[in-house]
$ cat input.cif   # mmCIF, C-alpha atoms; chains and numbers go by the auth columns
data_start
#
loop_
_atom_site.group_PDB
_atom_site.id
_atom_site.type_symbol
_atom_site.label_atom_id
_atom_site.label_comp_id
_atom_site.label_asym_id
_atom_site.label_seq_id
_atom_site.Cartn_x
_atom_site.Cartn_y
_atom_site.Cartn_z
_atom_site.B_iso_or_equiv
_atom_site.auth_seq_id
_atom_site.auth_asym_id
ATOM 1 C CA GLU A 1 8.652 -5.521 28.158 0.00 283 Q
ATOM 2 C CA ALA A 2 6.813 -2.632 26.535 0.00 284 Q
ATOM 3 C CA ARG A 3 9.502 -2.427 23.851 0.00 285 Q
ATOM 4 C CA GLU A 4 9.175 -6.154 23.123 0.00 286 Q
ATOM 5 C CA ALA A 5 5.402 -5.829 22.845 0.00 287 Q
ATOM 6 C CA ALA A 6 5.782 -2.892 20.454 0.00 288 Q
ATOM 7 C CA GLN A 7 8.307 -4.797 18.339 0.00 289 Q
ATOM 8 C CA LYS A 8 6.022 -7.834 18.219 0.00 290 Q
ATOM 9 C CA ALA A 9 3.065 -5.672 17.200 0.00 291 Q
ATOM 10 C CA GLN A 10 5.151 -4.062 14.456 0.00 292 Q
ATOM 11 C CA SER A 11 6.347 -7.462 13.266 0.00 293 Q
ATOM 12 C CA ASP A 12 2.784 -8.814 13.220 0.00 294 Q
ATOM 13 C CA HIS A 13 1.640 -5.741 11.298 0.00 295 Q
ATOM 14 C CA LYS A 14 4.355 -6.251 8.670 0.00 296 Q
ATOM 15 C CA LYS A 15 3.480 -9.942 8.343 0.00 297 Q
ATOM 16 C CA ARG A 16 -0.219 -9.179 7.872 0.00 298 Q
ATOM 17 C CA LYS A 17 0.564 -6.496 5.278 0.00 299 Q
ATOM 18 C CA LYS A 18 2.923 -8.798 3.405 0.00 300 Q
ATOM 19 C CA ALA A 19 0.331 -11.609 3.450 0.00 301 Q
ATOM 20 C CA ALA A 20 -2.349 -9.243 2.108 0.00 302 Q
ATOM 21 C CA GLU A 21 -0.011 -8.042 -0.656 0.00 303 Q
ATOM 22 C CA LYS A 22 0.851 -11.618 -1.615 0.00 304 Q
ATOM 23 C CA ARG A 23 -2.817 -12.627 -1.648 0.00 305 Q
ATOM 24 C CA ALA A 24 -3.698 -9.627 -3.831 0.00 306 Q
ATOM 25 C CA GLN A 25 -0.924 -10.536 -6.293 0.00 307 Q
ATOM 26 C CA GLU A 26 -2.039 -14.170 -6.425 0.00 308 Q
ATOM 27 C CA LEU A 27 -5.608 -13.089 -7.065 0.00 309 Q
ATOM 28 C CA GLU A 28 -4.506 -10.674 -9.798 0.00 310 Q
ATOM 29 C CA ALA A 29 -2.788 -13.554 -11.588 0.00 311 Q
ATOM 30 C CA GLU A 30 -5.829 -15.786 -11.160 0.00 312 Q
ATOM 31 C CA ILE A 31 -8.124 -13.026 -12.445 0.00 313 Q
ATOM 32 C CA GLN A 32 -5.967 -12.581 -15.550 0.00 314 Q
ATOM 33 C CA ARG A 33 -6.039 -16.322 -16.206 0.00 315 Q
ATOM 34 C CA LEU A 34 -9.801 -16.502 -15.713 0.00 316 Q
ATOM 35 C CA GLU A 35 -10.422 -13.480 -17.934 0.00 317 Q
ATOM 36 C CA SER A 36 -8.362 -15.100 -20.673 0.00 318 Q
ATOM 37 C CA GLU A 37 -10.220 -18.387 -20.320 0.00 319 Q
ATOM 38 C CA GLN A 38 -13.545 -16.565 -20.266 0.00 320 Q
ATOM 39 C CA ALA A 39 -12.693 -14.805 -23.543 0.00 321 Q
ATOM 40 C CA THR A 40 -11.720 -18.132 -25.131 0.00 322 Q
ATOM 41 C CA LEU A 41 -14.963 -19.733 -23.986 0.00 323 Q
ATOM 42 C CA GLU A 42 -17.023 -16.783 -25.210 0.00 324 Q
ATOM 43 C CA ALA A 43 -15.397 -17.101 -28.628 0.00 325 Q
ATOM 44 C CA ALA A 44 -16.141 -20.825 -28.685 0.00 326 Q
ATOM 45 C CA LEU A 45 -19.755 -20.238 -27.702 0.00 327 Q
ATOM 46 C CA ALA A 46 -20.116 -17.614 -30.430 0.00 328 Q
ATOM 47 C CA ASP A 47 -18.674 -19.994 -33.039 0.00 329 Q
ATOM 48 C CA PRO A 48 -21.462 -21.598 -35.091 0.00 330 Q
ATOM 49 C CA ALA A 49 -19.419 -24.800 -35.323 0.00 331 Q
ATOM 50 C CA THR A 50 -19.456 -25.191 -31.527 0.00 332 Q
ATOM 51 C CA ARG A 51 -23.123 -24.296 -31.291 0.00 333 Q
ATOM 52 C CA GLY A 52 -23.837 -26.952 -33.902 0.00 334 Q
ATOM 53 C CA ARG A 53 -22.378 -29.668 -31.696 0.00 335 Q
ATOM 54 C CA ASP A 54 -24.813 -29.840 -28.823 0.00 336 Q
ATOM 55 C CA LEU A 55 -22.588 -31.837 -26.456 0.00 337 Q
ATOM 56 C CA ALA A 56 -19.579 -29.579 -27.000 0.00 338 Q
ATOM 57 C CA SER A 57 -21.715 -26.494 -26.602 0.00 339 Q
ATOM 58 C CA ARG A 58 -23.181 -27.722 -23.309 0.00 340 Q
ATOM 59 C CA GLY A 59 -19.717 -28.551 -21.954 0.00 341 Q
ATOM 60 C CA THR A 60 -18.363 -25.180 -23.037 0.00 342 Q
ATOM 61 C CA GLY A 61 -21.374 -23.399 -21.577 0.00 343 Q
ATOM 62 C CA ALA A 62 -21.025 -25.230 -18.281 0.00 344 Q
ATOM 63 C CA ARG A 63 -17.323 -24.377 -18.063 0.00 345 Q
ATOM 64 C CA TYR A 64 -18.115 -20.765 -18.923 0.00 346 Q
ATOM 65 C CA GLU A 65 -20.531 -20.562 -15.974 0.00 347 Q
ATOM 66 C CA VAL A 66 -17.913 -22.026 -13.607 0.00 348 Q
ATOM 67 C CA VAL A 67 -15.276 -19.568 -14.829 0.00 349 Q
ATOM 68 C CA LYS A 68 -17.674 -16.619 -14.624 0.00 350 Q
ATOM 69 C CA LYS A 69 -18.625 -17.502 -11.037 0.00 351 Q
ATOM 70 C CA ARG A 70 -15.004 -17.964 -9.916 0.00 352 Q
ATOM 71 C CA LEU A 71 -13.982 -14.740 -11.668 0.00 353 Q
ATOM 72 C CA ASN A 72 -16.599 -12.798 -9.705 0.00 354 Q
ATOM 73 C CA GLU A 73 -15.475 -14.442 -6.462 0.00 355 Q
ATOM 74 C CA ALA A 74 -11.803 -13.727 -7.208 0.00 356 Q
ATOM 75 C CA MET A 75 -12.559 -10.072 -7.920 0.00 357 Q
ATOM 76 C CA GLU A 76 -14.390 -9.741 -4.599 0.00 358 Q
ATOM 77 C CA GLU A 77 -11.524 -11.479 -2.771 0.00 359 Q
ATOM 78 C CA TRP A 78 -9.003 -9.218 -4.517 0.00 360 Q
ATOM 79 C CA ALA A 79 -10.954 -6.104 -3.486 0.00 361 Q
ATOM 80 C CA ALA A 80 -10.993 -7.327 0.127 0.00 362 Q
ATOM 81 C CA ALA A 81 -7.246 -8.079 0.046 0.00 363 Q
ATOM 82 C CA GLU A 82 -6.526 -4.644 -1.418 0.00 364 Q
ATOM 83 C CA GLN A 83 -8.687 -2.996 1.227 0.00 365 Q
ATOM 84 C CA GLU A 84 -6.855 -4.884 3.973 0.00 366 Q
ATOM 85 C CA ARG A 85 -3.483 -3.980 2.474 0.00 367 Q
ATOM 86 C CA GLU A 86 -4.442 -0.304 2.300 0.00 368 Q
ATOM 87 C CA SER A 87 -5.784 -0.328 5.855 0.00 369 Q
ATOM 88 C CA LEU A 88 -2.445 -1.687 7.048 0.00 370 Q
ATOM 89 C CA GLY A 89 -0.673 1.240 5.402 0.00 371 Q
#

$ encode --input "input.cif" --output "structure tokens"
Amino acid sequence: EAREAAQKAQSDHKKRKKAAEKRAQELEAEIQRLESEQATLEAALADPATRGRDLASRGTGARYEVVKKRLNEAMEEWAAAEQERESLG
């Protein structure tokens, strides 16, 4: 019984570590995508042609704020996933 409990604990530990690693990888990919989109939006906002079209500029600015917020959240989530992964050894 003790052996079974130890094996279950080890199995659970491996599953948690694998889940944390997977989550960190998913977040890394999302962060890369968001950083790319953020750079594209920044370029559009810096373009005088976009700034000259008020409606387009507002839409681009609104999307930029959404991306910036999600990027910050994803970075915090990634840091937490990395910390969990490291704590699991």

$ closest_residue --input "input.cif" --among "Q:Arg340, Q:Ala363, Q:Ser369, Q:Leu353" --to "Ile313 (chain Q)" --atoms "only C-alpha atoms"
Q:Leu353

$ axis_aligned_box --input "input.cif" --around "region 316-332 of chain Q" --padding-each-side "3 Å" --output "JSON"
{"center_x": -14.9, "center_y": -19.3, "center_z": -25.5, "size_x": 19.1, "size_y": 17.7, "size_z": 25.6}

$ atom_distance --input "input.cif" --atom1 "CA of Ala311 (chain Q)" --atom2 "CA of Arg367 (chain Q)"
17.0 Å

$ atom_distance --input "input.cif" --atom1 "CA of Arg315 (chain Q)" --atom2 "CA of Lys351 (chain Q)"
13.7 Å

$ resolve_selection --input "input.cif" --expression "the PyMOL selection byres ((chain Q and resi 357) around 12)" --output "NGL selection string"
:Q and (305-314 or 316-317 or 350-356 or 358-364)

$ resolve_selection --input "input.cif" --expression "the PyMOL selection byres ((chain Q and resi 320-325) around 8)" --output "list in words"
Leu316, Glu317, Ser318, Glu319, Ala326, Leu327, Ala328, Asp329, Thr342, Gly343, Arg345, Tyr346, Val349 and Lys350 of chain Q

$ atom_distance --input "input.cif" --atom1 "CA of Asp294 (chain Q)" --atom2 "CA of Gln365 (chain Q)"
17.6 Å
